[in-house]
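What follows is one structure encoded as C-alpha cells, with my remarks underneath.
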Amino acid sequence: MSVLVYTENWDGQFKKLSFELVSYAQTIATQLSTEVVALSIGEVSDDELNKLATYGAGKILNINSADYKEFNAQHYSNAIAEASKKENANVIVFANNITTRAVAPRVTVKLEAGYVSGCVAAPESTEPFIVTKKAYSGKAFARVQIKKENKVLSLNQNAFGITENAKPASIEVFDCAIEASRSKVIELKKNTGKMSVLDAEILVSGGRGLKKSENFSLLEEAANIFGATATVACTKPVADLEWRPHSEHVGQTGKVVAPNLYFAVGISGAIQHLAGITSSKVIVSINTDKDAPMFEASDYGVIGDAMEVMPKLNEALKIFKENA
Amino acid sequence: MKILVCISHVPDTTAKISFVDDNKNYNKEGQQFIIGPNEELALTSAIDIKEAKGGTITAITVGQAEVEPTLRKALAMGADDAIRVNAEPKDAYNVATQIAEVVKNDSYDVVITGRESIDYNGGQVGEMIAEILDVPSVSGVNSLELEEGKAVLQREIDGGFEKIECEFPLVLSGQKGIAAEPKIPAMRGIMMARRKPLNVVEPIAFDDATEVLEHSLPEAKAACTMVDAENMTELVRLLHEEAKVI
C-alpha cells in the first residue's frame, strides 16, 4: 500500500502547487501509515526531482522516455495506472488542473476506483474514506465517501499548505510501453513569460467598470508593483469585448482561481464571476456602486471610480514596497 | 456523422441553494433547472456542425422523469432525438457506465460532454466514458471541427493551446470557446421538440463508487471593511497588517 502523487512538471520545473500536492499526499500517507511515491513524466533533472523528497516523497518514479514527450491522455493515464499498480498504491493524488482533467478519470476507470475532484482538505477519515470537496461552483461543500478500494483525489490549488517532511530521496527510472494512438498533436502554441492567473498569488482583475481597455494599464501597473507572482485578470464581458485575452477570464466558464489576494476593480459581482473566485483568501472590491453585489463577497471595499482610485492605490503600493 | 451529446440537468447558476434530508440532498423545491452551461455550448457547436455538414445529434442524460424538460430543451435547440437513462445521477462513474452502455449498443462517431457540470464540478464523466470504451479522449476543447472520419480540435493548455487531430470514434469535453454563445431555440424548434423521439432506457446494474454524505455552506463572510477612497495608504496597511496578504 502506498500513496502515489502525480507531480506534473512545466518545462522540467515544478511549481508551488507540486509541493502542496506532495505535502497533501504525505498527510494522507501518515493517516494510512504508509509512504508517498511521486511519479513524474517528462524530462526533469534529478536536482528538480529531489525537491519532492523535501515534502515527503522518498521514492520518485521518473518516466523520461521520448514516447511521453508529447502529451496524450491515453498514454499518460496508462503510465500513471501502471505505476500505481507497481507501487501497490491505493490512493492516487493529483492537482485539480487541466492535465488532471484529461487523465484522472481514465486512471480511475483503469483502477476501478472512486474519484473525488476538487478536494479542499485531507480526508477526515480513511475507514470509511471520507473527504470534503467544493460543490455547486464554490457555493457549497460536500463530504464524499469513496466506496472502492482504490481512491483517486484531486486537490484544489492553494487549499493545502506546504509542510516539509524531508526523506532521503531515491529516484527510479520507470518505463511503460505505449500503444499506438488515434490522436495526435499537430500544433502546439505556448505563450511563455506571463504567469497564468491560475498560479498568481495576487490578481488584479477588472470588469466593465473600467470603461475601456486602455484603463487596464492601471491594473497592469498594480501587478507590476506587486511583482512576478501578480497578474491581471478580467470578467467574461471584458474578454468577450476583447479588451483582455480569454486566458485572463475568471469565472464559471473561465478560470477558477485561488490567489491569496484578489482585487475586483469595476466588477459588479455577477454569480458567474463569483464562481471563479470563491477560493481567494482575501478579496478587495473597488466600485462606484455602493450596492454592487461584489461588496458582499469582499473583505475590503472602496466606493469610488476605479480610474481615480487605482492611481492612488498604485502610489500607496509603491511607497509600501519601497519601505518594505 | 453520429454525435452523442451528454447533458446535465442542473440548477440555474443564480439559484439560492439549500439542502434537505439532513443536508444529504439538494433542495429542488421551487428551483429552475437548466442544461449545464458547458454542455449548452458543446451542443451548440455540434448543431452548427450538423447544419453545415449533416449528421445526427442525440442528446442524453441520466436522470428521473423530472429531467425530461431539459432534454426537450436540447431537442428544441436542434438535437434530433433524446435518451434518458432512468436513474438518479449520484455518482460520476455510474453515470459514465450508463452512457457507455448506450454507446456500445448504438455506436457513435463522437461523444461530447461539457468540461464539468456546475453542480459537482467533477469534470469526470466524459473521460471515464472514453476509458470504458477504450477510445481516445480530448479534454478542455475550445474549438471543434468535424471532418470525414476525424475531429480537428483545439485543447486548452496552460498559457496556450494544442491543436489535435483524432480519428473517430472519440470522446471530447467542451468548454467556453467551442461555440461563441449558446443557441437559443426558435419558436419552430420548440414546437418540433415535442414531436422528436425521447426514449427512456433502464440502467444496468452498477455499484456507486462514491456517495455524497452531506453538504454544508461556507461560513458567512464578515461584513466588508470599507476604506475611504482617499485613503489608499490605509487599505495597503490593512492588507499588510490585518489580512497579511502583502
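By order in the C-alpha cells, chains are A, B, ...; within a chain, residues start at 1; ligands start at 1, following the order shown.
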
Within 7 Å of chain B, which residues of chain A are there when counting only C-alpha atoms? Please give them as a short mmCIF file (atom, residue, chain, number, x, y, z; two decimals) with C-alpha atoms, in the first residue's frame.
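Saved file part_24.cif follows:
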```
data_model
loop_
_atom_site.label_atom_id
_atom_site.label_comp_id
_atom_site.auth_asym_id
_atom_site.auth_seq_id
_atom_site.Cartn_x
_atom_site.Cartn_y
_atom_site.Cartn_z
CA ALA A 73 -4.32 11.35 -22.36
CA GLN A 74 -4.32 7.60 -23.01
CA ILE A 98 -6.11 20.92 -16.87
CA ARG A 101 -8.99 16.62 -16.08
CA ALA A 102 -7.64 14.65 -19.02
CA PRO A 105 -10.91 9.95 -14.79
CA ARG A 106 -9.17 7.45 -17.10
CA VAL A 109 -11.60 3.53 -14.54
CA ALA A 113 -11.54 3.45 -8.22
CA GLY A 114 -13.72 6.17 -6.78
CA SER A 117 -12.13 16.03 -7.57
CA ALA A 135 -19.54 21.80 -4.88
CA TYR A 136 -22.12 23.96 -6.66
CA SER A 137 -19.41 26.05 -8.28
CA LYS A 139 -21.29 27.82 -3.25
CA ALA A 140 -21.16 24.72 -1.04
CA PHE A 141 -19.02 21.91 0.29
CA ALA A 142 -19.78 18.21 0.04
CA ARG A 143 -18.47 15.43 2.25
CA VAL A 144 -18.00 12.45 -0.03
CA GLN A 145 -17.29 8.84 0.79
CA ILE A 146 -15.26 6.73 -1.63
CA LYS A 147 -16.61 3.20 -1.57
CA LYS A 148 -14.00 1.45 -3.69
CA ARG A 182 -5.50 7.61 -32.97
CA SER A 183 -5.00 11.07 -31.55
CA LYS A 184 -2.03 13.28 -32.44
CA VAL A 185 -0.93 16.81 -31.72
CA ILE A 186 -0.48 18.76 -34.93
CA GLU A 187 0.34 22.16 -33.46
CA LEU A 188 1.42 23.45 -30.08
CA LYS A 189 1.36 27.06 -29.02
CA LYS A 190 2.52 28.34 -25.67
CA ASN A 191 2.61 31.94 -24.51
CA SER A 196 -1.09 32.16 -15.54
CA THR A 253 -16.93 29.19 -17.70
CA ASN A 260 -4.09 34.95 -1.72
CA LEU A 261 -5.38 38.38 -2.77
CA ILE A 271 -22.74 34.98 -9.66
CA GLN A 272 -20.95 33.55 -12.69
CA PHE A 295 -19.02 44.19 -1.87
CA GLU A 296 -20.97 41.45 -0.11
CA SER A 298 -15.45 41.06 -0.37
CA ASP A 299 -13.35 41.50 2.71
CA TYR A 300 -12.41 45.11 1.96
CA GLY A 301 -14.24 47.65 -0.17
CA VAL A 302 -13.65 51.04 -1.66
CA ILE A 303 -16.51 53.07 -3.12
CA GLY A 304 -15.08 55.14 -5.90
CA VAL A 309 -8.79 55.13 -7.02
CA LYS A 312 -3.87 56.44 -5.57
CA LEU A 313 -3.67 52.74 -4.72
CA ALA A 316 0.42 53.77 -1.88
CA LEU A 317 1.67 50.36 -3.05
#
```

**OP:** Extract the full set of strand (DSSP E) residues from region 139-195 of chain B according to DSSP on the backbone, and format it as a PyMOL selection string.
**Re:** chain B and resi 139-147+150-157+160-167+170-174

**OP:** Find, counting only C-alpha atoms, the residue in A:Ala230, A:Leu52, A:Cys119, A:Met294 that gets nearest to Leu198 (chain A).
**Re:**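 Of A:Ala230, A:Leu52, A:Cys119, A:Met294, the one nearest Leu198 (chain A), counting only C-alpha atoms, is A:Ala230.
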
Subject >> Exercise: Asn9 (chain A) partners within 9 Å, only C-alpha atoms, chain neighbours under 6 positions left out, as a list of chain:residue names >> reply: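 In the requested format, the answer is A:Lys15, A:Ser18, A:Ser40, A:Ile41, A:Gly42, A:Glu43, A:Val44.
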
Give me a file of those residues, with C-alpha atoms, as a short mmCIF file (atom, residue, chain, number, x, y, z; two decimals), in the first residue's frame.
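This is the output file again_20.cif:
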```cif
data_model
loop_
_atom_site.label_atom_id
_atom_site.label_comp_id
_atom_site.auth_asym_id
_atom_site.auth_seq_id
_atom_site.Cartn_x
_atom_site.Cartn_y
_atom_site.Cartn_z
CA LYS A 15 5.56 24.77 -9.14
CA SER A 18 3.56 20.50 -6.78
CA SER A 40 6.99 12.41 -12.76
CA ILE A 41 6.63 12.17 -16.52
CA GLY A 42 8.95 14.11 -18.79
CA GLU A 43 12.46 15.47 -18.83
CA VAL A 44 13.08 16.60 -15.28
#
```

Original post:
Which polymer residues have any atom within 10 Å of an atom of Ser84 (chain A), counting only C-alpha atoms, with same-chain residues fewer than 3 positions away left out, as an MDAnalysis selection string?
Top reply: chainID A and resid 1:6 37 39 78:81 87:92 107 111 150

Original post:
Of the residues A:Leu32, A:Lys86, A:Ser268, A:Phe14, which is the one nearest to Asp175 (chain A), using only C-alpha atoms?
Top reply: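 Ranking A:Leu32, A:Lys86, A:Ser268, A:Phe14 by distance to Asp175 (chain A), first place goes to A:Lys86.
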
Residues within 10 Å of region 56-66 of chain B, please, as an mmCIF file with N, CA and C atoms, in the first residue's frame. Count only C-alpha atoms; anything in the same chain fewer than 3 positions from it doesn't count.
```
data_model
loop_
_atom_site.group_PDB
_atom_site.id
_atom_site.type_symbol
_atom_site.label_atom_id
_atom_site.label_comp_id
_atom_site.auth_asym_id
_atom_site.auth_seq_id
_atom_site.Cartn_x
_atom_site.Cartn_y
_atom_site.Cartn_z
ATOM 1 N N MET B 1 -22.439 11.267 -39.892
ATOM 2 C CA MET B 1 -21.802 11.513 -38.585
ATOM 3 C C MET B 1 -22.828 11.356 -37.471
ATOM 4 N N LYS B 2 -22.537 10.473 -36.530
ATOM 5 C CA LYS B 2 -23.483 10.290 -35.416
ATOM 6 C C LYS B 2 -22.847 10.872 -34.167
ATOM 7 N N ILE B 3 -23.497 11.868 -33.630
ATOM 8 C CA ILE B 3 -22.954 12.574 -32.477
ATOM 9 C C ILE B 3 -23.852 12.359 -31.268
ATOM 10 N N LEU B 4 -23.243 12.083 -30.125
ATOM 11 C CA LEU B 4 -23.987 11.964 -28.872
ATOM 12 C C LEU B 4 -23.524 13.083 -27.954
ATOM 13 N N VAL B 5 -24.455 13.892 -27.493
ATOM 14 C CA VAL B 5 -24.095 14.970 -26.579
ATOM 15 C C VAL B 5 -24.678 14.664 -25.206
ATOM 16 N N CYS B 6 -23.808 14.592 -24.217
ATOM 17 C CA CYS B 6 -24.241 14.270 -22.850
ATOM 18 C C CYS B 6 -24.485 15.571 -22.110
ATOM 19 N N ILE B 7 -25.702 15.759 -21.655
ATOM 20 C CA ILE B 7 -26.005 17.000 -20.944
ATOM 21 C C ILE B 7 -26.355 16.712 -19.492
ATOM 22 N N SER B 8 -26.156 17.721 -18.648
ATOM 23 C CA SER B 8 -26.555 17.572 -17.257
ATOM 24 C C SER B 8 -27.731 18.495 -16.987
ATOM 25 N N HIS B 9 -28.587 18.053 -16.112
ATOM 26 C CA HIS B 9 -29.775 18.808 -15.679
ATOM 27 C C HIS B 9 -29.379 19.384 -14.328
ATOM 28 N N PHE B 33 -34.244 24.562 -13.371
ATOM 29 C CA PHE B 33 -33.160 23.704 -13.843
ATOM 30 C C PHE B 33 -32.852 24.006 -15.299
ATOM 31 N N LEU B 43 -23.215 21.512 -27.178
ATOM 32 C CA LEU B 43 -24.355 21.117 -28.008
ATOM 33 C C LEU B 43 -24.521 22.102 -29.164
ATOM 34 N N ALA B 46 -22.073 21.317 -31.801
ATOM 35 C CA ALA B 46 -22.469 20.123 -32.553
ATOM 36 C C ALA B 46 -23.574 20.455 -33.547
ATOM 37 N N ILE B 47 -24.512 21.281 -33.130
ATOM 38 C CA ILE B 47 -25.625 21.651 -34.014
ATOM 39 C C ILE B 47 -25.114 22.467 -35.197
ATOM 40 N N LYS B 50 -23.571 20.049 -37.548
ATOM 41 C CA LYS B 50 -24.609 19.258 -38.226
ATOM 42 C C LYS B 50 -25.263 20.077 -39.329
ATOM 43 N N GLU B 51 -25.554 21.345 -39.032
ATOM 44 C CA GLU B 51 -26.231 22.175 -40.035
ATOM 45 C C GLU B 51 -25.335 22.414 -41.235
ATOM 46 N N PRO B 69 -37.874 17.859 -19.289
ATOM 47 C CA PRO B 69 -37.960 19.197 -19.889
ATOM 48 C C PRO B 69 -36.584 19.705 -20.349
ATOM 49 N N THR B 70 -35.543 19.346 -19.619
ATOM 50 C CA THR B 70 -34.196 19.773 -20.008
ATOM 51 C C THR B 70 -33.769 19.075 -21.295
ATOM 52 N N LEU B 71 -34.134 17.800 -21.443
ATOM 53 C CA LEU B 71 -33.849 17.096 -22.695
ATOM 54 C C LEU B 71 -34.649 17.708 -23.844
ATOM 55 N N ARG B 72 -35.865 18.120 -23.574
ATOM 56 C CA ARG B 72 -36.700 18.751 -24.619
ATOM 57 C C ARG B 72 -36.053 20.049 -25.063
ATOM 58 N N LYS B 73 -35.396 20.726 -24.127
ATOM 59 C CA LYS B 73 -34.720 21.982 -24.496
ATOM 60 C C LYS B 73 -33.589 21.677 -25.481
ATOM 61 N N ALA B 74 -32.869 20.577 -25.233
ATOM 62 C CA ALA B 74 -31.807 20.179 -26.165
ATOM 63 C C ALA B 74 -32.408 19.859 -27.531
ATOM 64 N N LEU B 75 -33.556 19.231 -27.549
ATOM 65 C CA LEU B 75 -34.240 18.941 -28.815
ATOM 66 C C LEU B 75 -34.666 20.237 -29.491
ATOM 67 N N GLY B 78 -31.917 21.834 -31.302
ATOM 68 C CA GLY B 78 -31.580 21.221 -32.592
ATOM 69 C C GLY B 78 -31.138 19.772 -32.544
ATOM 70 N N ALA B 79 -31.102 19.163 -31.381
ATOM 71 C CA ALA B 79 -30.792 17.724 -31.339
ATOM 72 C C ALA B 79 -31.949 16.982 -32.018
ATOM 73 N N ASP B 80 -31.632 15.806 -32.607
ATOM 74 C CA ASP B 80 -32.655 15.082 -33.370
ATOM 75 C C ASP B 80 -33.478 14.150 -32.504
ATOM 76 N N ASP B 81 -32.855 13.568 -31.497
ATOM 77 C CA ASP B 81 -33.594 12.694 -30.606
ATOM 78 C C ASP B 81 -32.898 12.708 -29.259
ATOM 79 N N ALA B 82 -33.571 12.163 -28.263
ATOM 80 C CA ALA B 82 -33.010 12.209 -26.911
ATOM 81 C C ALA B 82 -33.166 10.868 -26.224
ATOM 82 N N ILE B 83 -32.273 10.616 -25.292
ATOM 83 C CA ILE B 83 -32.328 9.391 -24.492
ATOM 84 C C ILE B 83 -32.220 9.766 -23.024
ATOM 85 N N ARG B 84 -33.091 9.200 -22.222
ATOM 86 C CA ARG B 84 -32.978 9.382 -20.779
ATOM 87 C C ARG B 84 -32.720 8.016 -20.168
ATOM 88 N N VAL B 85 -31.601 7.910 -19.442
ATOM 89 C CA VAL B 85 -31.334 6.681 -18.703
ATOM 90 C C VAL B 85 -31.999 6.865 -17.348
ATOM 91 N N ASN B 86 -32.891 5.971 -17.041
ATOM 92 C CA ASN B 86 -33.757 6.153 -15.885
ATOM 93 C C ASN B 86 -33.063 5.810 -14.567
ATOM 94 N N ALA B 87 -32.239 6.721 -14.083
ATOM 95 C CA ALA B 87 -31.543 6.507 -12.808
ATOM 96 C C ALA B 87 -31.191 7.861 -12.236
ATOM 97 N N GLU B 88 -30.999 7.928 -10.942
ATOM 98 C CA GLU B 88 -30.597 9.170 -10.291
ATOM 99 C C GLU B 88 -29.086 9.334 -10.499
ATOM 100 N N PRO B 89 -28.618 10.449 -11.006
ATOM 101 C CA PRO B 89 -27.192 10.604 -11.301
ATOM 102 C C PRO B 89 -26.378 10.970 -10.051
ATOM 103 N N LYS B 90 -26.121 9.992 -9.205
ATOM 104 C CA LYS B 90 -25.476 10.315 -7.926
ATOM 105 C C LYS B 90 -23.961 10.135 -7.947
ATOM 106 N N ASN B 94 -20.860 5.822 -12.230
ATOM 107 C CA ASN B 94 -22.103 5.161 -12.591
ATOM 108 C C ASN B 94 -22.708 5.814 -13.832
ATOM 109 N N VAL B 95 -22.751 7.142 -13.833
ATOM 110 C CA VAL B 95 -23.286 7.870 -14.988
ATOM 111 C C VAL B 95 -22.487 7.511 -16.245
ATOM 112 N N ALA B 96 -21.172 7.504 -16.121
ATOM 113 C CA ALA B 96 -20.330 7.182 -17.278
ATOM 114 C C ALA B 96 -20.602 5.760 -17.764
ATOM 115 N N GLN B 98 -23.385 4.060 -17.496
ATOM 116 C CA GLN B 98 -24.693 4.001 -18.171
ATOM 117 C C GLN B 98 -24.599 4.546 -19.590
ATOM 118 N N ILE B 99 -23.920 5.667 -19.737
ATOM 119 C CA ILE B 99 -23.814 6.276 -21.069
ATOM 120 C C ILE B 99 -22.965 5.398 -21.979
ATOM 121 N N VAL B 102 -25.000 2.727 -23.501
ATOM 122 C CA VAL B 102 -25.817 3.215 -24.621
ATOM 123 C C VAL B 102 -24.953 3.318 -25.874
ATOM 124 N N TYR B 108 -21.536 5.554 -31.835
ATOM 125 C CA TYR B 108 -21.483 6.964 -32.198
ATOM 126 C C TYR B 108 -20.064 7.295 -32.653
ATOM 127 N N VAL B 110 -18.774 10.446 -32.407
ATOM 128 C CA VAL B 110 -18.247 11.422 -31.452
ATOM 129 C C VAL B 110 -19.180 11.506 -30.251
ATOM 130 N N VAL B 111 -18.605 11.432 -29.063
ATOM 131 C CA VAL B 111 -19.364 11.652 -27.836
ATOM 132 C C VAL B 111 -18.846 12.944 -27.241
ATOM 133 N N ILE B 112 -19.762 13.855 -26.951
ATOM 134 C CA ILE B 112 -19.358 15.170 -26.443
ATOM 135 C C ILE B 112 -19.969 15.400 -25.066
ATOM 136 N N THR B 113 -19.149 15.863 -24.132
ATOM 137 C CA THR B 113 -19.671 16.278 -22.831
ATOM 138 C C THR B 113 -19.236 17.718 -22.604
ATOM 139 N N PRO B 197 -38.281 12.153 -30.954
ATOM 140 C CA PRO B 197 -38.281 10.999 -30.034
ATOM 141 C C PRO B 197 -37.466 11.243 -28.763
ATOM 142 N N LEU B 198 -38.021 10.844 -27.643
ATOM 143 C CA LEU B 198 -37.306 10.865 -26.358
ATOM 144 C C LEU B 198 -37.486 9.464 -25.781
ATOM 145 N N ASN B 199 -36.425 8.657 -25.847
ATOM 146 C CA ASN B 199 -36.522 7.274 -25.398
ATOM 147 C C ASN B 199 -35.968 7.109 -23.999
ATOM 148 N N VAL B 200 -36.639 6.273 -23.238
ATOM 149 C CA VAL B 200 -36.185 6.003 -21.876
ATOM 150 C C VAL B 200 -35.576 4.606 -21.840
ATOM 151 N N VAL B 201 -34.371 4.492 -21.316
ATOM 152 C CA VAL B 201 -33.767 3.164 -21.164
ATOM 153 C C VAL B 201 -33.479 2.917 -19.689
ATOM 154 N N GLU B 202 -33.551 1.652 -19.323
ATOM 155 C CA GLU B 202 -33.268 1.307 -17.926
ATOM 156 C C GLU B 202 -31.764 1.173 -17.726
ATOM 157 N N PRO B 203 -31.261 1.537 -16.555
ATOM 158 C CA PRO B 203 -29.822 1.460 -16.309
ATOM 159 C C PRO B 203 -29.361 0.019 -16.122
#
```

Where in region 54-164 of chain A does DSSP assign alpha helix (DSSP H), given as a PDB file with C-alpha atoms, in the first residue's frame?
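Below is the file that was written, states.pdb:
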```
ATOM      1  CA  ALA A  73      -4.324  11.345 -22.364  1.00  0.00           C
ATOM      2  CA  GLN A  74      -4.320   7.603 -23.014  1.00  0.00           C
ATOM      3  CA  HIS A  75      -0.533   7.235 -22.735  1.00  0.00           C
ATOM      4  CA  TYR A  76      -0.240   9.303 -19.576  1.00  0.00           C
ATOM      5  CA  SER A  77      -3.180   7.731 -17.796  1.00  0.00           C
ATOM      6  CA  ASN A  78      -1.910   4.284 -18.677  1.00  0.00           C
ATOM      7  CA  ALA A  79       1.531   5.104 -17.260  1.00  0.00           C
ATOM      8  CA  ILE A  80       0.036   6.522 -14.068  1.00  0.00           C
ATOM      9  CA  ALA A  81      -2.185   3.461 -13.600  1.00  0.00           C
ATOM     10  CA  GLU A  82       0.747   1.090 -14.213  1.00  0.00           C
ATOM     11  CA  ALA A  83       2.907   2.983 -11.732  1.00  0.00           C
ATOM     12  CA  SER A  84       0.072   2.797  -9.194  1.00  0.00           C
ATOM     13  CA  LYS A  85      -0.173  -0.957  -9.637  1.00  0.00           C
ATOM     14  CA  LYS A  86       3.584  -1.384  -9.423  1.00  0.00           C
ATOM     15  CA  ILE A  98      -6.105  20.924 -16.874  1.00  0.00           C
ATOM     16  CA  THR A  99      -3.869  17.858 -17.199  1.00  0.00           C
ATOM     17  CA  THR A 100      -5.635  16.078 -14.385  1.00  0.00           C
ATOM     18  CA  ARG A 101      -8.993  16.623 -16.084  1.00  0.00           C
ATOM     19  CA  ALA A 102      -7.642  14.653 -19.017  1.00  0.00           C
ATOM     20  CA  VAL A 103      -6.066  11.754 -17.126  1.00  0.00           C
ATOM     21  CA  ALA A 104      -7.503  11.224 -13.637  1.00  0.00           C
ATOM     22  CA  PRO A 105     -10.911   9.946 -14.793  1.00  0.00           C
ATOM     23  CA  ARG A 106      -9.171   7.451 -17.102  1.00  0.00           C
ATOM     24  CA  VAL A 107      -6.882   6.324 -14.283  1.00  0.00           C
ATOM     25  CA  THR A 108      -9.974   5.938 -12.100  1.00  0.00           C
ATOM     26  CA  VAL A 109     -11.601   3.530 -14.541  1.00  0.00           C
ATOM     27  CA  LYS A 110      -8.353   1.598 -15.068  1.00  0.00           C
TER      28      LYS A 110
END
```

Original post:
In Å, how far is it from CA of Glu242 (chain B) to CA of Thr27 (chain A)?
Top reply: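 If I compute the distance from CA of Glu242 (chain B) to CA of Thr27 (chain A), I get 29.5 Å.
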
Original post:
Pick from A:Lys151, A:Lys59, A:Lys16, A:Lys290: nearest to Pro123 (chain A), with only C-alpha atoms counted?
Top reply: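 The shortest atom-to-atom distance to Pro123 (chain A) comes from A:Lys151.
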
**OP:** Between B:Leu133, B:Val67, B:Ser143, B:Ala76, single out the one closest to Ile190 (chain B), counting only C-alpha atoms.
**Re:**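 The closest residue to Ile190 (chain B) is B:Ala76.
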